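Colleague: This is the structure, below, for whatever I ask next.
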Number of protein chains: 2
Amino acid sequence: MSLAKAHILFRQLGLRHMCVVPTSQEKGDAMDAHNDESNDVENGELEGTGEEELFSSGLSERTISIRQPLLRHRSNTSSQIAIVGANICPIESLDYEYLKAFLAFAGCNIGLATAAGALCAYIAPAAAGSGIPEVKAYLNGVDAPSILAPSTLFVKIFGSILGVSGGFVIGKEGPMVHTGACIANLLGQGGSYKYGLTWSWLRYFKNDRDRRDLVTCGAAAGVAAAFRAPVGGVLFALEEAASWWRSALLWRTFFTTAVVAMVLRGFIQYCSTGNCGLFGKGGLIIYDVSSAEATYSGYDLLAVIFLGVAGGVLGSLYNYFVDKVVRIYGFINEKGPSFRVLLVILISILTTCCAFGLPWIARCTPCSKDHNEKCPTVGESGNYRIFQCQAGYYNDLASLFLNTNDDAIRNLFSTHTTGVFKISSLLIFFMTICGLGILTYGIAVPAGLFIPVILAGAVYGRLVGRLFGSMSTLDTGLFSLLGAASFLGGTMRMTVSLCVILLELTNDLLLLPLVMLVLLISKTVADIFNKGVYDQIVKLKGLPFMEAHPEPYMKHLMAGDVVSGPLIKFSGVEKVETIVHALQGTTHNGFPVISEPPFTDAPELCGLVLRSHLLVLLKAKCFSKERVLLGGNVLKKFSPFDFAKRGSGKELKLKDITIEKEEMEMYIDLHPITNTSPYTVVETMSLAKAQILFRELGLRHMCVVPKSQERPPIVGILTRHDFMPEHILGLYPKTKGNK
Amino acid sequence: MSLAKAHILFRQLGLRHMCVVPTSQEKGDAMDAHNDESNDVENGELEGTGEEELFSSGLSERTISIRQPLLRHRSNTSSQIAIVGANICPIESLDYEYLKAFLAFAGCNIGLATAAGALCAYIAPAAAGSGIPEVKAYLNGVDAPSILAPSTLFVKIFGSILGVSGGFVIGKEGPMVHTGACIANLLGQGGSYKYGLTWSWLRYFKNDRDRRDLVTCGAAAGVAAAFRAPVGGVLFALEEAASWWRSALLWRTFFTTAVVAMVLRGFIQYCSTGNCGLFGKGGLIIYDVSSAEATYSGYDLLAVIFLGVAGGVLGSLYNYFVDKVVRIYGFINEKGPSFRVLLVILISILTTCCAFGLPWIARCTPCSKDHNEKCPTVGESGNYRIFQCQAGYYNDLASLFLNTNDDAIRNLFSTHTTGVFKISSLLIFFMTICGLGILTYGIAVPAGLFIPVILAGAVYGRLVGRLFGSMSTLDTGLFSLLGAASFLGGTMRMTVSLCVILLELTNDLLLLPLVMLVLLISKTVADIFNKGVYDQIVKLKGLPFMEAHPEPYMKHLMAGDVVSGPLIKFSGVEKVETIVHALQGTTHNGFPVISEPPFTDAPELCGLVLRSHLLVLLKAKCFSKERVLLGGNVLKKFSPFDFAKRGSGKELKLKDITIEKEEMEMYIDLHPITNTSPYTVVETMSLAKAQILFRELGLRHMCVVPKSQERPPIVGILTRHDFMPEHILGLYPKTKGNK
């Protein structure tokens, strides 16, 4: 039998299909790239229905099926044979068929995984992982290069497609948020000159605040597209992604997600005729559970509280192990791209073995006649996979493993199906998914955390539902939903946004009180043990994230205490040489300007000048031979957009500017480009209060001025890094113990 | 016929019933106080079913019914008679019956209205109106007395019950938000000593921030209870009520509304047996429209865009007229409480006349047999009221007018009922409701704006639906919902919160994209013309509300420019007499403290001391005979809660402290109670940036320090009032023209 045939065979076992590219920041619609063969399979089945009683359906070459037992009972032949494909094989070769199927399955998975890993490891390592921590850090003010670069965008899209197709236990939601943010950033920096994609109106976004707003909208659009949850997207951006929030931003993100919803709705309507494959499956509501009656008693409430508490504990454990595993992977990943790819391949093999091997453990379950769904099924979807079972039986573990993650979640959430999954199967699946989910995050593949967590939570919820089942009036499917909520609450620690996302995923408003309760309990319980998973990853990546609240020991320090390093300051009219040397010698982005006699009576703080603005002035060579004020006329040479913030990688650099030796001796008047209203704090100001000022106003530089009047007019400049616990505890190692 | 009988007669015509008190801040559940007679009426109807064919139902004394034509065709009698109640009356008396019904209706309405108006005018004028603007101002930092006082709470609850029962076109939602905030405030100030309701653990809330958080939660609980929309409540608090937002606040409000939802759910379940009257009607979702299919085409989209644009224009017009009317009422209300009550009575008479008089205009509509609802109906609810029509006919205008506002909205939202309301009737109802809604807001009755706006919007939407009806695939009921959304967007200018509230009211997730679109369009269109209705009212009330964004002309001013009035400052160790005089002579709440020689080398700003803390020190008489530093030992006399913020009305007052003459000559060391880290700005700081600092950090006082070093260490103190446009434009009348 050819590999192609084996491929078809394994496809019948159920390949994970996929996946998801937001085509533009505002569309961001999920496109399930899916093989068209599903229709062919259907036809094949119909063709083959006349053959024999036991083999009543499709055995044409296209639709090799193992839905029927492969053993054919022919009492009048000397040896038992089986029909595999169109061939009648002696029974001894059967093991080889399964082996071939496994090899094809593993081959495809490993091939896709290798491609994803190679893309990620060699082109854009920043694209690995969820991407939500990076977006969160960017929106906090961390302007790290490559977080939102076009190469990251490219790898994020295709790496995510390859990774999800490769059968990993990963989601597409996180990568879609990152994708949305990348596209927004690309628009925000005026398109890409490199690829010839620019529009002049985009220049209005060339400042920090508007670009940040745009990226927030992009993140919201990502969630809105991933979960088809427009309101959930807005709330996600508000609760998890953004560090600052303005009322204008609220309706802007709302507008973005409204456009996403309209476009999504349009595509779903267009595709309802069936000409887009699996896209639009499930409509706007992906996992509809509204058919179940949401009645519950006081007893159910107790069960739900237990669910929440245990979910919180498990969620924090999940976070703990993710943290450990990512740390260990860090050592491996440091060794070079080839090691990263190797790690990806290793995990891919492990995943494949689990998915193909574990269903053999499960006993076959007889099909119940109560359900109106087909049982057993072959092909891409269906609740009841036959795997190795006889006709009339199905393998519940195979139904979960050999399915897309989306379909597995849908099966777990499905209501009125209490007995479909055996407790032992659920337990095996839960352990495997948790283990694989933890082991997969951190490898060099774009990997969302939502889907693994929802999947693990859904199984866990179903398990608890089965335990309490006899006494509970709540459907097991709803328990599954509540389990997913508790796991999400326990790992991600969001409340309102998760609640709305779950609501928009499942369309069960009547369950809202219970979902709220579970989320709150699991979040509260998990907060006792550790931080949310995204916060952990931000910290692990060493990004200088500014917390909303100052650390307690900051109350005992003063702003002047943490000022460190030599202060480089300019005079109001400064020598070019001094400026060039200062720019060469440091990496500072802001310099204080001091007005000095003869221009003022005494030295006083004039303001703050930015490196980028200095470079513009140096490049235009606005020099004067004498030490004189040039006044505002200097600025007439420039258009406002010359001072606009440029895209990453396109900043002016000192080495691109050539300054002649005689120019070095000339003077430059800094007054026109100085920000004369910098925010200042007195050096005796409590560090905690200074931090609040810095954080709430979203500053990058803060001037510290002296208390007494005899000293020079500025003590130092505080930046984001000066507020980092590492820096402060480095200066004052003993402060940690203080309360 | 006795008045009691007439009362029953008019009740059959349909009395507005009601209404809604949140029993505690965290429960805040809506309790429809409702007359138990509904069950009796049912019984009565069953009793009377044997009498005669034309009068097949209830004519017992308890259930006088005009559902059947009052004329009795008896060809063999000399004069036509009618059966009214248990009496057989000659036909001439019929007009009197209707008159009596009207008088009873009007009497009840006016009685209830007078009671509401008197409560409000004489006891707590602050309880008039919606209450949301007041809560909004409080959360912005305006600590006006009586906004959240216990008397306001009392009047708000009972005034709202009386007002809604009295048949006004007002809602209970705004008052419930205010009620929630009042209860939260009561808890926040440690309960009420006056009424003996105190708990010691409440003292932890005795500071500005926690109290503000608590009031935010209270407001969220109000919305959650009013609309049975827990997530909507959180978002309302976030988008409309709160001026500052912290992530901790997000899950706290979420917790509050989760408790509301659980309690509400519990009550609804308990009441589902029918032993609480009408409470719990509609379940958690008040107006369920999910039965309608949400399919729509490009043509529908155009209709919806038209709906949004027109809704925006109408919404801003509504705001304009509300503004004008409230201004005019302001003159009347100023003349005294009796004038206020008179105004209430006048509006009540007008409302009653409209409700009883206008249905006579409408032609009777024959009942359609397609509907499975009973037609025509009498009694409290029902879509098809008979009013003056014959059997088999109903009066559609009466169905809208002589119904509770809730039921009218439910009828308008109801799907598959396109032809039930005639276009002419809808038009009359729309004009009347808009007119009455505008005229009613501003009278001395607790009056919410949500219900009138939703009602007007729903009729408007149905009208538009009828206009586009022939070509549209969207149900008229869904048009009605979209109309309500457009009106809400046009008047209140919220986006996400309205969207979620409407979703939780109607349970139609599939309509979400359209609702989002309509809200955005109507908000955008209306924003061209004027501000949101709550912002208008805040401004009208003269509350010093700090806008999020500084006015453009502030960029051209400096912080030092708006410092006004003489600066009162204290020395680090100050004479008691100076302090007492300063406290007597001004109403300032914060005073700068200057450290002077001999304690420091040169005068420097030590910090800021609060009036309330000074009073604590004065009361404890921490004086010393000499001008010496007492140090931190002084504070050992006090517990931290002595300095906690007290409830309104319970502050320490200077007149309660007696200071002997010799004590006046003594000294007091202010250092221990001085806040040594006040936020400061340099006098040359741009006023716009100073405003951002003030607003974002939620300050009450900001110190302005001099730029040059020769001057005294403080120039002045800026408070909220110094940033008000009135103040600045008073100082610089010409700045307005600047850009």
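Each chain in the structure tokens gets a letter, A, B, ..., in the order shown, and its residues are numbered from 1; ligands are numbered from 1 in order too.
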Chain B residues within 8 Å of chain A, counting only C-alpha atoms: which ones, as JSON, numbers by chain?

Modeller: {"B": [231, 239, 247, 250, 251, 254, 255, 258, 261, 262, 265, 284, 285, 495, 496, 500, 504, 507, 509, 510, 513, 514, 516, 517, 520, 602, 604, 676, 677, 678, 679, 680, 681, 682, 684, 685, 686, 689, 692, 693, 696, 697, 707, 708, 709]}

Colleague: Excluding range 174-188 of chain B and residues on its chain fewer than 4 positions from it, collect all residues at most 6 Å away from it, counting only C-alpha atoms, and give them as a PDB file with N, CA, C and O atoms, in the first residue's frame.

Modeller:
ATOM      1  N   GLN B  25     -27.049  47.095  49.400  1.00  0.00           N
ATOM      2  CA  GLN B  25     -26.155  47.465  48.304  1.00  0.00           C
ATOM      3  C   GLN B  25     -25.748  46.256  47.507  1.00  0.00           C
ATOM      4  O   GLN B  25     -25.573  46.321  46.312  1.00  0.00           O
ATOM      5  N   SER B 130     -32.506  61.672  37.962  1.00  0.00           N
ATOM      6  CA  SER B 130     -31.992  60.329  37.730  1.00  0.00           C
ATOM      7  C   SER B 130     -31.044  59.870  38.824  1.00  0.00           C
ATOM      8  O   SER B 130     -31.093  58.737  39.276  1.00  0.00           O
ATOM      9  N   GLY B 131     -30.169  60.761  39.261  1.00  0.00           N
ATOM     10  CA  GLY B 131     -29.183  60.374  40.267  1.00  0.00           C
ATOM     11  C   GLY B 131     -27.868  59.921  39.655  1.00  0.00           C
ATOM     12  O   GLY B 131     -26.839  59.982  40.319  1.00  0.00           O
ATOM     13  N   ILE B 132     -27.905  59.492  38.410  1.00  0.00           N
ATOM     14  CA  ILE B 132     -26.655  59.056  37.792  1.00  0.00           C
ATOM     15  C   ILE B 132     -25.674  60.233  37.649  1.00  0.00           C
ATOM     16  O   ILE B 132     -24.485  60.078  37.944  1.00  0.00           O
ATOM     17  N   LEU B 148     -25.290  61.810  48.667  1.00  0.00           N
ATOM     18  CA  LEU B 148     -25.444  60.405  49.042  1.00  0.00           C
ATOM     19  C   LEU B 148     -25.874  60.263  50.504  1.00  0.00           C
ATOM     20  O   LEU B 148     -25.584  59.276  51.159  1.00  0.00           O
ATOM     21  N   LEU B 153     -31.315  58.783  50.283  1.00  0.00           N
ATOM     22  CA  LEU B 153     -31.562  57.365  50.058  1.00  0.00           C
ATOM     23  C   LEU B 153     -33.023  57.029  50.297  1.00  0.00           C
ATOM     24  O   LEU B 153     -33.685  56.387  49.462  1.00  0.00           O
ATOM     25  N   PHE B 205     -13.100  51.342  55.632  1.00  0.00           N
ATOM     26  CA  PHE B 205     -13.487  52.067  54.414  1.00  0.00           C
ATOM     27  C   PHE B 205     -13.383  53.573  54.596  1.00  0.00           C
ATOM     28  O   PHE B 205     -13.714  54.319  53.705  1.00  0.00           O
ATOM     29  N   ARG B 211     -13.806  54.402  49.859  1.00  0.00           N
ATOM     30  CA  ARG B 211     -15.193  54.802  49.814  1.00  0.00           C
ATOM     31  C   ARG B 211     -15.647  55.008  48.368  1.00  0.00           C
ATOM     32  O   ARG B 211     -16.747  54.643  47.996  1.00  0.00           O
ATOM     33  N   LEU B 214     -16.216  51.694  46.841  1.00  0.00           N
ATOM     34  CA  LEU B 214     -17.455  51.108  47.337  1.00  0.00           C
ATOM     35  C   LEU B 214     -18.651  51.720  46.612  1.00  0.00           C
ATOM     36  O   LEU B 214     -19.592  51.006  46.235  1.00  0.00           O
ATOM     37  N   VAL B 215     -18.608  53.042  46.414  1.00  0.00           N
ATOM     38  CA  VAL B 215     -19.719  53.704  45.725  1.00  0.00           C
ATOM     39  C   VAL B 215     -19.784  53.234  44.269  1.00  0.00           C
ATOM     40  O   VAL B 215     -20.878  53.038  43.722  1.00  0.00           O
ATOM     41  N   GLY B 218     -21.481  50.083  44.317  1.00  0.00           N
ATOM     42  CA  GLY B 218     -22.906  50.305  44.554  1.00  0.00           C
ATOM     43  C   GLY B 218     -23.629  50.678  43.279  1.00  0.00           C
ATOM     44  O   GLY B 218     -24.717  50.164  42.988  1.00  0.00           O
ATOM     45  N   ALA B 219     -23.017  51.562  42.497  1.00  0.00           N
ATOM     46  CA  ALA B 219     -23.639  51.976  41.235  1.00  0.00           C
ATOM     47  C   ALA B 219     -23.765  50.786  40.291  1.00  0.00           C
ATOM     48  O   ALA B 219     -24.797  50.591  39.634  1.00  0.00           O
ATOM     49  N   GLY B 222     -26.563  48.667  41.293  1.00  0.00           N
ATOM     50  CA  GLY B 222     -27.845  49.261  40.899  1.00  0.00           C
ATOM     51  C   GLY B 222     -28.225  48.881  39.491  1.00  0.00           C
ATOM     52  O   GLY B 222     -29.346  48.425  39.234  1.00  0.00           O
ATOM     53  N   VAL B 223     -27.293  49.051  38.553  1.00  0.00           N
ATOM     54  CA  VAL B 223     -27.592  48.694  37.159  1.00  0.00           C
ATOM     55  C   VAL B 223     -27.846  47.196  37.032  1.00  0.00           C
ATOM     56  O   VAL B 223     -28.772  46.755  36.347  1.00  0.00           O
ATOM     57  N   GLY B 448     -35.788  58.081  36.409  1.00  0.00           N
ATOM     58  CA  GLY B 448     -34.745  57.528  35.555  1.00  0.00           C
ATOM     59  C   GLY B 448     -34.991  57.861  34.103  1.00  0.00           C
ATOM     60  O   GLY B 448     -36.121  58.106  33.687  1.00  0.00           O
TER      61      GLY B 448
END

Colleague: Residues near range 617-625 of chain B, anyone? I mean within 6 Å using only C-alpha atoms, not counting same-chain ones fewer than 3 positions away, as a ChimeraX atom specification.

Modeller: /B:614,657,666-668

Colleague: Taking into account only C-alpha atoms, which residue in the set A:Ile717, A:Val169, A:Leu474, A:Cys217 is nearest to Asn403 in chain A?

Modeller: A:Val169

Colleague: Can you list, as a ChimeraX atom specification, every residue of range 320-420 of chain A that DSSP puts in strand (DSSP E)?

Modeller: /A:365-366,393-394

Colleague: Considering only C-alpha atoms, can you say which of A:Met546, A:Leu629, A:Ala458, A:Val155 comes closest to Gly141 in chain A?

Modeller: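 Smallest distance to Gly141 in chain A is found for A:Met546.
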
Colleague: Please provide as a ChimeraX atom specification all residues within 10 Å of range 444-447 of chain B, with the sequence filter that same-chain residues fewer than 2 positions apart are discarded (counting only C-alpha atoms).

Modeller: /B:113-122,124-131,155-164,168-176,178,329,333,337,339-344,437,440-442,449-452

Colleague: With only C-alpha atoms as the counted atoms, please give the residues lying no more than 6 Å from range 416-426 of chain A, apart from itself and same-chain residues fewer than 6 positions off, as a ChimeraX atom specification.

Modeller: /A:396-397,476

Colleague: So that I have them on file, write out the residues from the current selection with N, CA, C and O atoms, as a JSON list (two decimals), in the first residue's frame.

Modeller:
[["chain", "number", "residue", "atom", "x", "y", "z"],
["A", 396, "ASP", "N", -14.21, 6.28, 22.98],
["A", 396, "ASP", "CA", -14.43, 7.67, 23.43],
["A", 396, "ASP", "C", -13.12, 8.45, 23.53],
["A", 396, "ASP", "O", -13.09, 9.65, 23.29],
["A", 397, "LEU", "N", -12.04, 7.76, 23.87],
["A", 397, "LEU", "CA", -10.76, 8.47, 24.00],
["A", 397, "LEU", "C", -10.26, 8.91, 22.62],
["A", 397, "LEU", "O", -9.73, 10.02, 22.46],
["A", 476, "THR", "N", -24.07, 17.68, 32.42],
["A", 476, "THR", "CA", -22.61, 17.49, 32.44],
["A", 476, "THR", "C", -21.92, 18.46, 31.49],
["A", 476, "THR", "O", -20.81, 18.89, 31.75]]

Colleague: Could you tell me how far CA of Ile537 in chain A sits from CA of Gly336 in chain A, in Å to one decimal place?

Modeller: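 Calculated distance between CA of Gly336 in chain A and CA of Ile537 in chain A is 20.7 Å.
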
Colleague: Name the residues in contact with Leu439 in chain B at a cut-off of 9 Å, using only C-alpha atoms, excluding same-chain residues fewer than 3 positions from it; report them as a list in words.

Modeller: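 Result of the neighbour search: Phe321, Val322, Val325, Val326, Ile347, Cys434, Gly435, Leu436, Gly442 and Ile443 of chain B.
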
Colleague: Please indicate the distance in Å from CA of Leu635 in chain B to CA of Gly607 in chain B, rounded to one decimal place.

Modeller: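 Spanning CA of Leu635 in chain B to CA of Gly607 in chain B is a straight-line distance of 17.3 Å.
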
Colleague: Could you tell me, as number ranges by chain, which residues of range 380-574 of chain B DSSP assigns to helix (DSSP H, G or I) when given the backbone?

Modeller: B: 396-401, 405-413, 418-420, 423-440, 450-471, 476-492, 496-506, 509-529, 533-540, 552-556, 559-562

Colleague: If we count only C-alpha atoms, what is near Phe430 in chain B at a cut-off of 7 Å, once residues fewer than 2 positions away on the same chain are taken out, given as a compact mmCIF listing (two decimals) with N, CA, C and O atoms, in the first residue's frame?

Modeller:
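Produced file around_30.txt, reproduced below:
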# COMPACT_ATOMS: atom_id res chain seq x y z
N LEU B 426 -48.48 54.12 16.43
CA LEU B 426 -47.07 54.20 16.82
C LEU B 426 -46.59 55.64 16.81
O LEU B 426 -45.88 56.10 17.71
N LEU B 427 -47.03 56.39 15.76
CA LEU B 427 -46.61 57.77 15.63
C LEU B 427 -47.13 58.60 16.81
O LEU B 427 -46.38 59.38 17.42
N ILE B 428 -48.41 58.43 17.13
CA ILE B 428 -48.98 59.17 18.26
C ILE B 428 -48.23 58.83 19.54
O ILE B 428 -47.85 59.70 20.32
N THR B 432 -46.03 61.37 21.93
CA THR B 432 -46.45 61.58 23.31
C THR B 432 -45.35 61.19 24.29
O THR B 432 -45.06 61.93 25.25
N ILE B 433 -44.75 60.02 24.04
CA ILE B 433 -43.74 59.54 24.99
C ILE B 433 -42.53 60.47 24.99
O ILE B 433 -41.98 60.81 26.04
N CYS B 434 -42.12 60.93 23.80
CA CYS B 434 -40.99 61.87 23.74
C CYS B 434 -41.35 63.14 24.51
O CYS B 434 -40.58 63.61 25.34
N ALA B 456 -39.22 55.28 23.88
CA ALA B 456 -39.28 56.11 22.68
C ALA B 456 -38.52 55.45 21.54
O ALA B 456 -39.00 55.41 20.39
N VAL B 459 -40.42 52.44 20.00
CA VAL B 459 -41.51 52.83 19.09
C VAL B 459 -40.92 53.34 17.79
O VAL B 459 -41.38 52.97 16.69
N TYR B 460 -39.90 54.18 17.92
CA TYR B 460 -39.25 54.73 16.73
C TYR B 460 -38.71 53.61 15.85
O TYR B 460 -38.89 53.62 14.63

Colleague: Report the distance between CA of Cys364 in chain B and CA of Leu400 in chain B in Å, rounded to one decimal place.

Modeller: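 We find that CA of Cys364 in chain B and CA of Leu400 in chain B lie 13.6 Å from each other.
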
Colleague: Can you work out which one of B:Ala303, B:Thr352, B:Gly469, B:Cys271 has the shortest atom-to-atom distance to Ala106 in chain B, counting only C-alpha atoms?

Modeller: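 Ranking B:Ala303, B:Thr352, B:Gly469, B:Cys271 by distance to Ala106 in chain B, first place goes to B:Thr352.
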